[in-house]
$ cat data25.csv   # CSV, C-alpha atoms
chain,number,residue,atom,x,y,z
A,1,MET,CA,115.6,101.8,98.1
A,2,ALA,CA,115.7,98.3,99.5
A,3,VAL,CA,112.9,97.1,101.8
A,4,ASP,CA,113.1,94.2,104.2
A,5,GLU,CA,110.1,92.0,103.8
A,6,LYS,CA,110.4,90.1,106.9
A,7,PRO,CA,109.7,91.7,110.3
A,8,ALA,CA,112.3,91.9,112.9
A,9,ALA,CA,112.4,89.1,115.5
A,10,GLY,CA,110.2,90.0,118.4
A,11,ASP,CA,107.8,92.2,116.5
A,12,ASP,CA,104.3,90.9,116.7
A,13,ASN,CA,102.9,92.5,113.6
A,14,PRO,CA,103.8,90.4,110.5
A,15,TYR,CA,102.5,93.1,108.3
A,16,ALA,CA,104.8,95.8,109.5
A,17,GLN,CA,107.3,97.2,107.0
A,18,TYR,CA,111.0,97.5,107.7
A,19,TYR,CA,113.9,99.3,106.1
A,20,THR,CA,117.6,98.7,106.7
A,21,VAL,CA,119.6,101.9,106.9
A,22,LYS,CA,122.2,102.4,104.2
A,23,LYS,CA,125.2,104.7,104.0
A,24,GLY,CA,124.0,108.3,103.4
A,25,ASP,CA,120.5,107.7,104.7
A,26,THR,CA,118.7,110.2,107.0
A,27,LEU,CA,115.2,109.8,108.5
A,28,SER,CA,114.1,112.7,106.3
A,29,LYS,CA,115.3,110.9,103.2
A,30,ILE,CA,113.7,107.7,104.3
A,31,ALA,CA,110.4,109.6,105.0
A,32,GLU,CA,110.5,111.2,101.6
A,33,GLU,CA,111.0,107.8,100.0
A,34,PHE,CA,108.2,106.1,101.8
A,35,TYR,CA,105.8,108.9,102.4
A,36,GLY,CA,106.7,111.5,99.7
A,37,ASP,CA,107.3,114.1,102.4
A,38,LYS,CA,110.5,114.4,104.3
A,39,MET,CA,108.8,116.4,107.1
A,40,LEU,CA,107.1,113.2,108.1
A,41,TYR,CA,110.3,111.8,109.5
A,42,PRO,CA,109.0,112.0,113.1
A,43,GLN,CA,106.6,109.2,112.3
A,44,ILE,CA,109.5,106.9,111.7
A,45,PHE,CA,111.4,108.3,114.6
A,46,GLU,CA,108.5,107.7,117.0
A,47,ALA,CA,108.0,104.2,115.7
A,48,ASN,CA,111.6,103.4,116.5
A,49,ARG,CA,112.1,105.1,119.8
A,50,ASP,CA,113.2,101.8,121.2
A,51,GLN,CA,116.4,102.0,119.2
A,52,LEU,CA,116.7,105.7,118.3
A,53,LYS,CA,117.5,108.4,120.8
A,54,ASP,CA,118.1,111.2,118.3
A,55,PRO,CA,116.4,111.5,114.9
A,56,ASN,CA,119.7,112.8,113.5
A,57,LYS,CA,121.6,109.7,114.5
A,58,ILE,CA,120.9,106.6,112.6
A,59,LYS,CA,123.4,103.9,111.9
A,60,VAL,CA,124.0,101.8,108.8
A,61,GLY,CA,122.5,98.4,109.2
A,62,GLN,CA,119.8,99.5,111.6
A,63,LYS,CA,116.4,98.0,110.8
A,64,LEU,CA,113.8,100.6,111.1
A,65,ARG,CA,110.1,100.0,111.3
A,66,ILE,CA,108.2,102.1,108.7
A,67,PRO,CA,104.7,102.7,110.1
B,68,MET,CA,24.5,25.0,87.9
B,69,ARG,CA,23.9,28.7,87.8
B,70,LYS,CA,23.2,28.8,91.5
B,71,THR,CA,26.5,26.9,92.2
B,72,THR,CA,28.5,29.3,90.1
B,73,HIS,CA,26.9,32.2,92.0
B,74,TRP,CA,28.0,30.7,95.3
B,75,ILE,CA,31.5,30.1,94.1
B,76,VAL,CA,31.8,33.8,93.0
B,77,THR,CA,30.4,35.0,96.3
B,78,LEU,CA,32.7,32.8,98.3
B,79,ALA,CA,35.7,33.9,96.3
B,80,ALA,CA,34.8,37.5,96.8
B,81,ALA,CA,34.4,37.0,100.5
B,82,ALA,CA,37.7,35.2,100.6
B,83,MET,CA,39.4,38.1,98.8
B,84,LEU,CA,37.7,40.6,101.1
B,85,ALA,CA,38.9,38.6,104.1
B,86,ALA,CA,42.4,38.5,102.8
B,87,CYS,CA,42.4,42.2,102.2
B,88,ALA,CA,41.0,42.9,105.6
B,89,GLY,CA,43.7,40.8,107.0
B,90,GLN,CA,46.3,43.0,105.2
B,91,LYS,CA,44.9,46.3,106.4
B,92,GLU,CA,46.3,46.1,109.9
B,93,PRO,CA,49.9,45.2,109.0
B,94,ALA,CA,49.8,47.7,106.1
B,95,THR,CA,48.6,50.5,108.4
B,96,GLN,CA,51.2,49.5,111.1
B,97,ALA,CA,54.0,49.4,108.6
B,98,ILE,CA,53.2,52.9,107.4
B,99,GLN,CA,52.9,54.2,111.0
B,100,LYS,CA,56.3,52.6,111.8
B,101,ALA,CA,57.9,54.1,108.7
B,102,GLU,CA,56.4,57.5,109.6
B,103,ALA,CA,57.8,57.3,113.1
B,104,ALA,CA,61.3,56.3,111.8
B,105,LEU,CA,61.2,59.1,109.3
B,106,ALA,CA,60.2,61.6,111.9
B,107,GLU,CA,63.3,60.8,113.9
B,108,VAL,CA,65.7,61.7,111.1
B,109,ARG,CA,63.6,64.4,109.3
B,110,ALA,CA,65.2,67.4,111.0
B,111,ASP,CA,68.8,66.3,110.3
B,112,ALA,CA,67.9,64.9,106.8
B,113,ALA,CA,66.3,68.2,105.9
B,114,GLN,CA,69.5,70.0,106.6
B,115,PHE,CA,72.1,67.5,105.5
B,116,ALA,CA,70.4,65.2,102.9
B,117,PRO,CA,67.4,67.2,101.5
B,118,ASP,CA,67.4,65.4,98.1
B,119,ASN,CA,67.3,62.0,99.7
B,120,LEU,CA,64.6,63.2,102.1
B,121,ALA,CA,62.5,64.4,99.2
B,122,GLY,CA,62.8,60.9,97.6
B,123,VAL,CA,61.8,59.1,100.8
B,124,GLU,CA,58.9,61.5,101.4
B,125,SER,CA,57.6,60.9,97.9
B,126,THR,CA,57.8,57.1,98.4
B,127,LEU,CA,55.9,57.4,101.7
B,128,ALA,CA,53.3,59.6,100.1
B,129,GLY,CA,52.7,57.1,97.4
B,130,LEU,CA,52.3,54.2,99.9
B,131,LYS,CA,49.9,56.3,102.0
B,132,ASP,CA,47.9,56.9,98.9
B,133,ASN,CA,47.8,53.2,98.3
B,134,LEU,CA,46.7,52.7,102.0
B,135,ALA,CA,43.9,55.2,101.6
B,136,LYS,CA,42.7,53.4,98.4
B,137,GLY,CA,42.8,50.1,100.3
B,138,ASP,CA,45.5,48.7,98.2
B,139,TYR,CA,47.2,47.0,101.2
B,140,LYS,CA,49.1,44.6,99.0
B,141,ALA,CA,50.9,47.4,97.3
B,142,VAL,CA,51.6,49.0,100.6
B,143,LEU,CA,53.1,45.8,102.1
B,144,ALA,CA,55.1,45.2,98.8
B,145,GLY,CA,56.5,48.7,98.9
B,146,VAL,CA,57.2,49.2,102.6
B,147,GLY,CA,60.4,47.2,102.5
B,148,GLY,CA,61.9,49.7,100.0
B,149,LEU,CA,60.7,52.6,102.1
B,150,THR,CA,62.3,51.2,105.2
B,151,SER,CA,65.6,50.7,103.4
B,152,GLY,CA,65.3,54.3,102.0
B,153,ILE,CA,64.8,55.6,105.6
B,154,ALA,CA,67.8,53.7,106.8
B,155,ALA,CA,69.9,55.1,103.9
B,156,LEU,CA,68.6,58.5,104.6
B,157,LYS,CA,69.6,58.2,108.3
B,158,ASP,CA,73.1,57.3,107.2
B,159,SER,CA,73.3,60.1,104.7
B,160,ALA,CA,72.1,62.7,107.3
B,161,ALA,CA,74.5,61.4,109.9
B,162,ALA,CA,77.4,61.6,107.3
B,163,GLY,CA,76.4,65.1,106.3
B,164,LYS,CA,76.1,66.2,109.9
B,165,SER,CA,79.5,64.7,110.7
B,166,ALA,CA,81.1,66.5,107.7
B,167,MET,CA,79.5,69.7,108.7
B,168,GLU,CA,80.7,69.4,112.3
B,169,ALA,CA,84.2,68.8,111.0
B,170,ALA,CA,84.0,71.8,108.7
B,171,VAL,CA,82.8,74.0,111.5
B,172,ALA,CA,85.6,72.8,113.7
B,173,ALA,CA,88.2,73.5,110.9
B,174,ALA,CA,86.6,76.9,110.4
B,175,SER,CA,86.7,77.7,114.1
B,176,ALA,CA,90.4,77.0,114.1
B,177,GLU,CA,90.9,79.1,111.0
B,178,TRP,CA,88.9,81.9,112.5
B,179,SER,CA,91.0,81.7,115.6
B,180,ASN,CA,94.1,82.3,113.6
B,181,MET,CA,92.6,85.0,111.3
B,182,SER,CA,91.0,86.9,114.1
B,183,GLY,CA,94.4,87.3,115.6
B,184,ASP,CA,96.2,88.1,112.4
B,185,LEU,CA,93.9,90.4,110.4
B,186,PRO,CA,93.6,93.2,112.9
B,187,LYS,CA,97.4,93.5,112.6
B,188,MET,CA,97.0,93.8,108.8
B,189,VAL,CA,94.3,96.4,109.3
B,190,GLU,CA,96.4,98.3,111.8
B,191,ALA,CA,99.5,98.3,109.5
B,192,ILE,CA,97.5,99.5,106.5
B,193,GLY,CA,95.5,102.1,108.5
B,194,SER,CA,98.8,103.5,109.9
B,195,ARG,CA,100.3,103.9,106.5
B,196,ILE,CA,97.1,105.5,105.0
B,197,GLY,CA,97.0,107.8,108.0
B,198,THR,CA,100.6,108.9,107.4
B,199,LEU,CA,100.3,109.2,103.6
B,200,SER,CA,97.1,111.3,104.2
B,201,LYS,CA,99.3,113.8,106.0
B,202,SER,CA,101.9,113.9,103.3
B,203,LYS,CA,102.1,117.0,101.1
B,204,LYS,CA,102.7,114.8,98.1
B,205,LEU,CA,102.6,111.0,97.5
B,206,PRO,CA,105.9,109.1,97.2
B,207,LYS,CA,107.0,108.6,93.6
B,208,ASN,CA,106.0,104.9,93.5
B,209,ILE,CA,102.3,105.6,94.5
B,210,ASP,CA,100.0,107.6,92.3
B,211,GLN,CA,96.8,109.3,93.4
B,212,ALA,CA,94.5,106.7,91.8
B,213,SER,CA,96.3,103.9,93.6
B,214,PHE,CA,96.1,105.8,96.9
B,215,ASP,CA,92.4,106.5,96.4
B,216,SER,CA,91.8,102.8,95.6
B,217,ALA,CA,93.8,101.8,98.6
B,218,LYS,CA,91.6,104.0,100.8
B,219,SER,CA,88.4,102.6,99.5
B,220,GLY,CA,89.8,99.1,99.8
B,221,PHE,CA,90.7,99.8,103.4
B,222,GLU,CA,87.2,101.1,104.1
B,223,MET,CA,85.8,97.9,102.7
B,224,MET,CA,88.2,95.9,104.9
B,225,GLN,CA,87.0,97.7,108.0
B,226,SER,CA,83.3,97.2,107.2
B,227,THR,CA,83.8,93.6,106.3
B,228,TRP,CA,85.8,93.0,109.4
B,229,SER,CA,82.9,94.3,111.4
B,230,GLU,CA,80.6,91.9,109.6
B,231,ALA,CA,83.0,89.0,110.2
B,232,THR,CA,83.2,89.6,113.9
B,233,THR,CA,79.5,89.9,114.2
B,234,ALA,CA,79.1,86.7,112.3
B,235,ALA,CA,81.6,84.9,114.5
B,236,ALA,CA,79.9,86.3,117.6
B,237,SER,CA,76.6,84.9,116.5
B,238,GLY,CA,78.1,81.5,115.9
B,239,ASN,CA,78.3,81.7,112.1
B,240,VAL,CA,82.0,80.8,111.9
B,241,MET,CA,81.9,79.6,108.3
B,242,ASP,CA,80.6,83.0,107.2
B,243,ALA,CA,83.1,84.8,109.4
B,244,VAL,CA,86.0,82.9,107.8
B,245,ALA,CA,84.7,83.6,104.3
B,246,LYS,CA,84.6,87.3,105.1
B,247,ALA,CA,88.0,87.1,106.8
B,248,LYS,CA,89.4,85.6,103.6
B,249,MET,CA,88.0,88.4,101.6
B,250,ILE,CA,89.6,90.9,103.9
B,251,LYS,CA,93.0,89.2,103.6
B,252,ASP,CA,92.8,89.2,99.8
B,253,LYS,CA,91.8,92.8,99.8
B,254,GLY,CA,94.5,93.6,102.3
B,255,ALA,CA,97.2,92.1,100.1
B,256,GLU,CA,95.9,94.1,97.2
B,257,VAL,CA,95.9,97.3,99.2
B,258,MET,CA,99.4,96.7,100.6
B,259,GLN,CA,100.6,96.3,97.0
B,260,MET,CA,98.9,99.6,96.0
B,261,LEU,CA,100.6,101.3,98.9
B,262,ASN,CA,103.9,99.6,98.0
B,263,MET,CA,104.0,98.0,101.4
B,264,SER,CA,105.9,94.8,101.7
B,265,ALA,CA,103.9,91.9,103.2
B,266,GLY,CA,105.6,90.1,106.0
$ encode --input "data25.csv" --output "structure tokens"
Amino acid sequence: MAVDEKPAAGDDNPYAQYYTVKKGDTLSKIAEEFYGDKMLYPQIFEANRDQLKDPNKIKVGQKLRIP
Amino acid sequence: MRKTTHWIVTLAAAAMLAACAGQKEPATQAIQKAEAALAEVRADAAQFAPDNLAGVESTLAGLKDNLAKGDYKAVLAGVGGLTSGIAALKDSAAAGKSAMEAAVAAASAEWSNMSGDLPKMVEAIGSRIGTLSKSKKLPKNIDQASFDSAKSGFEMMQSTWSEATTAAASGNVMDAVAKAKMIKDKGAEVMQMLNMSAG
């Protein structure tokens, strides 16, 4: 799973980790990849509320912050 | 003849005594002047040029010993070197003080950057450890040993950060920066253990 090493423009924490959504990704899948537990997807959803309205709707190319 | 010789010896001795007595005052004043000059630079010299200070103190002690023994000629012969030594000591202390002030200014600027940056690193790592602690199992690229090391490393970062801010608050910026560098190094290590990419 590819990880973006540079923070998105405007983010003030240079140590934050980001992930760019690929085809077939879900928040659960991303949570399992980064946390080992797909049930922790709300952590990612909450950290990206500025761009996500629904945890089931993510778009390819979206850059998500992984808290 | 014997009487004449006796008088010559007596006169010579008197002349020597008079000469010595004539040197006592300038020798004493020279030592006092040197002591006063040294007193002016002693505090800075003790901090910034301690080895040079020890050398000058030793020379002064030797000349004072000569003064006490009445060897004014030796005092007057050596006081020039002592004066030069004090002047050089003053220059060394001033150079050391100037270098220290420059280092403190650089450290202050560095601390200013680090004190803004490191809490973000601590926050990012703390957030990830908090989330991973809630996970039923660790992700496949992090084993339990790495996670445990990361947690202890994070605790070390937090305690060292507390020490660094205390040092900075008490004016010891050099120490604060040294601790901040330790935190940054440890943070990079911990981020690697947690498979977090550094920005």
$ closest_residue --input "data25.csv" --among "A:Asn56, A:Asn48, A:Gln62, A:Gln43" --to "Val21 of chain A" --atoms "only C-alpha atoms"
A:Gln62
$ closest_atom_pairs --input "data25.csv" --of "chain B" --to "chain A" --cutoff "6 Å" --atoms "only C-alpha atoms" --output "Markdown table"
| residue | atom | partner | partner_atom | distance |
| --- | --- | --- | --- | --- |
| B:Lys187 | CA | A:Asn13 | CA | 5.7 |
| B:Met188 | CA | A:Tyr15 | CA | 5.6 |
| B:Ala191 | CA | A:Ala16 | CA | 5.9 |
| B:Ser194 | CA | A:Pro67 | CA | 6.0 |
| B:Arg195 | CA | A:Pro67 | CA | 5.8 |
| B:Leu199 | CA | A:Tyr35 | CA | 5.6 |
| B:Ser202 | CA | A:Asp37 | CA | 5.5 |
| B:Lys204 | CA | A:Gly36 | CA | 5.4 |
| B:Leu205 | CA | A:Gly36 | CA | 4.7 |
| B:Pro206 | CA | A:Gly36 | CA | 3.6 |
| B:Ser264 | CA | A:Glu5 | CA | 5.5 |
| B:Ala265 | CA | A:Tyr15 | CA | 5.4 |
| B:Gly266 | CA | A:Pro14 | CA | 4.9 |
$ residues_around --input "data25.csv" --residues "segment 143-156 of chain B" --least-positions-apart "4" --cutoff "10 Å" --atoms "all atoms listed in the file" --output "number ranges by chain"
B: 90-91, 93-98, 100-102, 104-109, 111-112, 115-120, 122-127, 129-130, 133-134, 138-139, 160-162
$ residues_around --input "data25.csv" --residues "Val60 of chain A" --least-positions-apart "5" --cutoff "12 Å" --atoms "all atoms listed in the file" --output "ChimeraX atom specification"
/A:19-27
$ residues_around --input "data25.csv" --residues "Gln259 of chain B" --least-positions-apart "4" --cutoff "10 Å" --atoms "all atoms listed in the file" --output "list in words"
Ile209, Ser213, Ala217, Lys253, Gly254, Ala255, Met263, Ser264 and Ala265 of chain B
$ atom_distance --input "data25.csv" --atom1 "atom CA of Ala174 of chain B" --atom2 "atom CA of Val240 of chain B"
6.2 Å
$ residues_around --input "data25.csv" --residues "segment 49-53 of chain A" --least-positions-apart "6" --cutoff "10 Å" --atoms "all atoms listed in the file" --output "ChimeraX atom specification"
/A:59,62-64
$ closest_residue --input "data25.csv" --among "B:Glu222, B:Asp252, B:Glu92, B:Glu168" --to "Leu185 of chain B" --atoms "all atoms listed in the file"
B:Asp252
$ atom_distance --input "data25.csv" --atom1 "atom CA of Phe45 of chain A" --atom2 "atom CA of Met260 of chain B"
24.0 Å
$ atom_distance --input "data25.csv" --atom1 "atom CA of Ala110 of chain B" --atom2 "atom CA of Asp132 of chain B"
23.6 Å
